[in-house]
$ cat upload_31.pdb   # PDB, C-alpha atoms
ATOM      1  CA  MET Q   1     -17.633 -54.969 -28.368
ATOM      2  CA  ASN Q   2     -15.155 -57.153 -26.667
ATOM      3  CA  ALA Q   3     -14.185 -56.866 -23.006
ATOM      4  CA  ARG Q   4     -10.772 -55.347 -23.751
ATOM      5  CA  LEU Q   5     -12.291 -52.443 -25.704
ATOM      6  CA  ILE Q   6     -14.825 -51.774 -22.954
ATOM      7  CA  LEU Q   7     -12.107 -51.771 -20.289
ATOM      8  CA  THR Q   8      -9.970 -49.433 -22.413
ATOM      9  CA  LYS Q   9     -12.862 -46.972 -22.738
ATOM     10  CA  ILE Q  10     -13.625 -47.134 -19.017
ATOM     11  CA  PHE Q  11      -9.955 -46.600 -18.170
ATOM     12  CA  GLY Q  12      -9.795 -43.637 -20.568
ATOM     13  CA  LEU Q  13     -12.872 -42.070 -18.970
ATOM     14  CA  LEU Q  14     -11.381 -42.543 -15.501
ATOM     15  CA  ILE Q  15      -8.149 -40.869 -16.621
ATOM     16  CA  LEU Q  16     -10.136 -37.975 -18.126
ATOM     17  CA  LEU Q  17     -12.155 -37.625 -14.925
ATOM     18  CA  ALA Q  18      -8.960 -37.574 -12.834
ATOM     19  CA  VAL Q  19      -7.403 -34.902 -15.070
ATOM     20  CA  LEU Q  20     -10.534 -32.724 -14.925
ATOM     21  CA  LEU Q  21     -10.806 -33.122 -11.160
ATOM     22  CA  GLY Q  22      -7.124 -32.246 -10.733
ATOM     23  CA  ALA Q  23      -7.479 -29.195 -12.981
ATOM     24  CA  TYR Q  24     -10.456 -28.004 -10.957
ATOM     25  CA  TRP Q  25      -8.811 -28.670  -7.579
ATOM     26  CA  PHE Q  26      -5.462 -27.028  -8.348
ATOM     27  CA  ALA Q  27      -6.317 -24.365 -10.958
ATOM     28  CA  ILE Q  28      -9.944 -23.266 -10.556
ATOM     29  CA  ARG Q  29     -10.876 -23.885  -6.908
ATOM     30  CA  PRO Q  30      -8.208 -21.644  -5.305
ATOM     31  CA  GLY Q  31      -9.451 -18.704  -7.341
ATOM     32  CA  GLN Q  32     -13.040 -19.394  -6.338
ATOM     33  CA  LEU Q  33     -12.210 -19.606  -2.638
ATOM     34  CA  HIS Q  34     -10.551 -16.182  -2.567
ATOM     35  CA  TRP Q  35     -12.326 -14.450  -5.455
ATOM     36  CA  GLY Q  36     -11.672 -10.706  -5.385
ATOM     37  CA  ALA Q  37      -9.920 -10.759  -2.010
ATOM     38  CA  THR Q  38      -6.341  -9.652  -1.561
ATOM     39  CA  PRO Q  39      -3.958 -12.066   0.221
ATOM     40  CA  ASP Q  40      -4.126  -9.809   3.307
ATOM     41  CA  GLU Q  41      -7.941  -9.927   3.310
ATOM     42  CA  ALA Q  42      -7.963 -13.702   2.902
ATOM     43  CA  ALA Q  43      -5.500 -14.163   5.793
ATOM     44  CA  SER Q  44      -7.095 -11.672   8.196
ATOM     45  CA  ALA Q  45      -9.477 -12.606  10.988
ATOM     46  CA  MET Q  46     -13.158 -12.133  10.249
ATOM     47  CA  PRO Q  47     -16.144 -11.731  12.582
ATOM     48  CA  GLY Q  48     -17.166 -15.154  13.859
ATOM     49  CA  ASP Q  49     -13.720 -16.735  13.514
ATOM     50  CA  GLU Q  50     -13.545 -17.046  17.299
ATOM     51  CA  ILE Q  51     -16.609 -19.313  17.278
ATOM     52  CA  VAL Q  52     -15.130 -21.977  14.979
ATOM     53  CA  HIS Q  53     -11.453 -22.417  15.824
ATOM     54  CA  GLN Q  54     -10.518 -24.989  13.148
ATOM     55  CA  PRO Q  55     -12.997 -24.815  10.268
ATOM     56  CA  THR Q  56     -13.110 -27.574   7.669
ATOM     57  CA  PHE Q  57     -13.880 -25.063   4.914
ATOM     58  CA  LYS Q  58     -12.665 -21.496   4.499
ATOM     59  CA  ALA Q  59     -13.523 -19.042   1.735
ATOM     60  CA  THR Q  60     -13.141 -15.268   1.476
ATOM     61  CA  ARG Q  61     -14.763 -13.385  -1.370
ATOM     62  CA  ALA Q  62     -14.636  -9.622  -1.768
ATOM     63  CA  ILE Q  63     -15.255  -6.733  -4.103
ATOM     64  CA  THR Q  64     -13.779  -3.258  -4.075
ATOM     65  CA  ILE Q  65     -16.154  -0.375  -4.619
ATOM     66  CA  SER Q  66     -14.696   3.033  -5.390
ATOM     67  CA  GLY Q  67     -16.881   5.530  -3.621
ATOM     68  CA  THR Q  68     -17.945   6.853  -0.272
ATOM     69  CA  PRO Q  69     -20.563   5.104   1.858
ATOM     70  CA  GLU Q  70     -22.911   8.014   1.177
ATOM     71  CA  GLU Q  71     -22.643   7.366  -2.571
ATOM     72  CA  ILE Q  72     -22.954   3.594  -2.316
ATOM     73  CA  TRP Q  73     -25.700   3.188   0.288
ATOM     74  CA  PRO Q  74     -28.612   4.253  -1.996
ATOM     75  CA  TRP Q  75     -27.525   1.663  -4.571
ATOM     76  CA  LEU Q  76     -27.411  -1.073  -1.940
ATOM     77  CA  ILE Q  77     -30.871  -0.145  -0.700
ATOM     78  CA  GLN Q  78     -32.186  -0.146  -4.275
ATOM     79  CA  MET Q  79     -30.872  -3.696  -4.809
ATOM     80  CA  GLY Q  80     -32.648  -4.856  -1.671
ATOM     81  CA  TYR Q  81     -32.217  -7.906   0.528
ATOM     82  CA  GLY Q  82     -31.059 -11.150  -1.098
TER      83      GLY Q  82
END

$ encode --input "upload_31.pdb" --output "structure tokens"
Amino acid sequence: MNARLILTKIFGLLILLAVLLGAYWFAIRPGQLHWGATPDEAASAMPGDEIVHQPTFKATRAITISGTPEEIWPWLIQMGYG
């Protein structure tokens, strides 16, 4: 293979990498950082926020469980720690 063909392939791979990285950063990552959380939950203060005033990374993930604590607690205990 000549040098021009090799450079063309390298350039194409770099373009593909940039497109994939951009797609992840702008389309996938925001959903992962706030998975399941409402905008109000993501914007609200959480325990420990007063310790780190300007974090370099922030993520809020949540789930909504329909049920009373009395109904849910046995299931949480059954799952165990970790």

$ residues_around --input "upload_31.pdb" --residues "Ala42 of chain Q" --least-positions-apart "4" --cutoff "10 Å" --atoms "all atoms listed in the file" --output "PyMOL selection string"
chain Q and resi 33-38+46+58-62

$ atom_distance --input "upload_31.pdb" --atom1 "atom CA of Asn2 of chain Q" --atom2 "atom CA of Leu20 of chain Q"
27.5 Å

$ closest_residue --input "upload_31.pdb" --among "Q:Phe11, Q:Tyr24, Q:Ile63, Q:Leu16" --to "Glu41 of chain Q" --atoms "only C-alpha atoms"
Q:Ile63

$ atom_distance --input "upload_31.pdb" --atom1 "atom CA of Phe57 of chain Q" --atom2 "atom CA of Val19 of chain Q"
23.2 Å

$ atom_distance --input "upload_31.pdb" --atom1 "atom CA of Leu7 of chain Q" --atom2 "atom CA of Gly22 of chain Q"
22.3 Å

$ axis_aligned_box --input "upload_31.pdb" --around "segment 30-38 of chain Q" --padding-each-side "6 Å" --output "JSON"
{"center_x": -9.7, "center_y": -15.6, "center_z": -4.5, "size_x": 18.7, "size_y": 24.0, "size_z": 17.8}

$ decode --input "upload_31.pdb" --residues "segment 40-67 of chain Q" --atoms "N, CA and C atoms" --output "CSV table (one decimal), in the first residue's frame"
chain,number,residue,atom,x,y,z
Q,40,ASP,N,-36.4,17.9,38.1
Q,40,ASP,CA,-36.4,18.4,39.5
Q,40,ASP,C,-35.4,17.7,40.4
Q,41,GLU,N,-35.5,16.3,40.3
Q,41,GLU,CA,-34.6,15.5,41.1
Q,41,GLU,C,-33.1,15.7,40.8
Q,42,ALA,N,-32.8,15.9,39.5
Q,42,ALA,CA,-31.4,16.1,39.1
Q,42,ALA,C,-30.9,17.5,39.5
Q,43,ALA,N,-31.8,18.5,39.6
Q,43,ALA,CA,-31.4,19.8,40.0
Q,43,ALA,C,-31.4,20.0,41.5
Q,44,SER,N,-32.1,19.2,42.3
Q,44,SER,CA,-32.2,19.4,43.7
Q,44,SER,C,-30.9,19.0,44.5
Q,45,ALA,N,-30.8,19.6,45.6
Q,45,ALA,CA,-29.6,19.3,46.5
Q,45,ALA,C,-29.7,17.9,47.1
Q,46,MET,N,-28.6,17.3,47.2
Q,46,MET,CA,-28.5,15.9,47.7
Q,46,MET,C,-27.7,15.9,49.0
Q,47,PRO,N,-27.8,14.9,49.8
Q,47,PRO,CA,-26.9,14.8,51.0
Q,47,PRO,C,-25.5,14.7,50.6
Q,48,GLY,N,-24.6,15.5,51.2
Q,48,GLY,CA,-23.2,15.6,50.9
Q,48,GLY,C,-22.8,16.7,49.9
Q,49,ASP,N,-23.8,17.3,49.3
Q,49,ASP,CA,-23.5,18.4,48.4
Q,49,ASP,C,-22.8,19.6,49.1
Q,50,GLU,N,-23.0,19.7,50.4
Q,50,GLU,CA,-22.3,20.8,51.1
Q,50,GLU,C,-20.8,20.5,51.3
Q,51,ILE,N,-20.4,19.3,51.1
Q,51,ILE,CA,-19.0,18.9,51.3
Q,51,ILE,C,-18.2,19.3,50.1
Q,52,VAL,N,-18.7,19.1,48.9
Q,52,VAL,CA,-18.0,19.4,47.7
Q,52,VAL,C,-18.8,20.5,47.0
Q,53,HIS,N,-18.3,21.7,47.0
Q,53,HIS,CA,-19.0,22.8,46.5
Q,53,HIS,C,-19.1,22.9,45.0
Q,54,GLN,N,-18.0,22.6,44.3
Q,54,GLN,CA,-18.0,22.6,42.9
Q,54,GLN,C,-17.4,21.3,42.4
Q,55,PRO,N,-18.2,20.3,42.3
Q,55,PRO,CA,-17.8,19.0,41.8
Q,55,PRO,C,-17.4,19.0,40.3
Q,56,THR,N,-16.4,18.1,40.0
Q,56,THR,CA,-16.0,18.0,38.6
Q,56,THR,C,-16.9,17.0,37.8
Q,57,PHE,N,-17.7,16.3,38.5
Q,57,PHE,CA,-18.6,15.3,37.9
Q,57,PHE,C,-19.8,15.2,38.7
Q,58,LYS,N,-21.0,15.2,38.1
Q,58,LYS,CA,-22.3,15.1,38.7
Q,58,LYS,C,-23.2,14.2,38.0
Q,59,ALA,N,-23.8,13.2,38.7
Q,59,ALA,CA,-24.7,12.3,38.1
Q,59,ALA,C,-25.8,12.0,39.1
Q,60,THR,N,-27.0,11.9,38.6
Q,60,THR,CA,-28.2,11.6,39.5
Q,60,THR,C,-29.0,10.5,38.8
Q,61,ARG,N,-29.0,9.3,39.4
Q,61,ARG,CA,-29.8,8.2,38.9
Q,61,ARG,C,-30.9,7.9,39.9
Q,62,ALA,N,-32.1,7.5,39.3
Q,62,ALA,CA,-33.2,7.2,40.2
Q,62,ALA,C,-34.1,6.2,39.6
Q,63,ILE,N,-34.9,5.6,40.5
Q,63,ILE,CA,-36.0,4.7,40.0
Q,63,ILE,C,-37.2,5.1,40.9
Q,64,THR,N,-38.4,4.9,40.3
Q,64,THR,CA,-39.6,5.1,41.0
Q,64,THR,C,-40.3,3.8,41.3
Q,65,ILE,N,-40.6,3.5,42.6
Q,65,ILE,CA,-41.2,2.3,43.0
Q,65,ILE,C,-42.6,2.6,43.5
Q,66,SER,N,-43.6,2.0,42.9
Q,66,SER,CA,-44.9,2.2,43.3
Q,66,SER,C,-45.2,1.2,44.5
Q,67,GLY,N,-45.3,1.7,45.6
Q,67,GLY,CA,-45.6,0.9,46.8
Q,67,GLY,C,-45.3,1.6,48.1
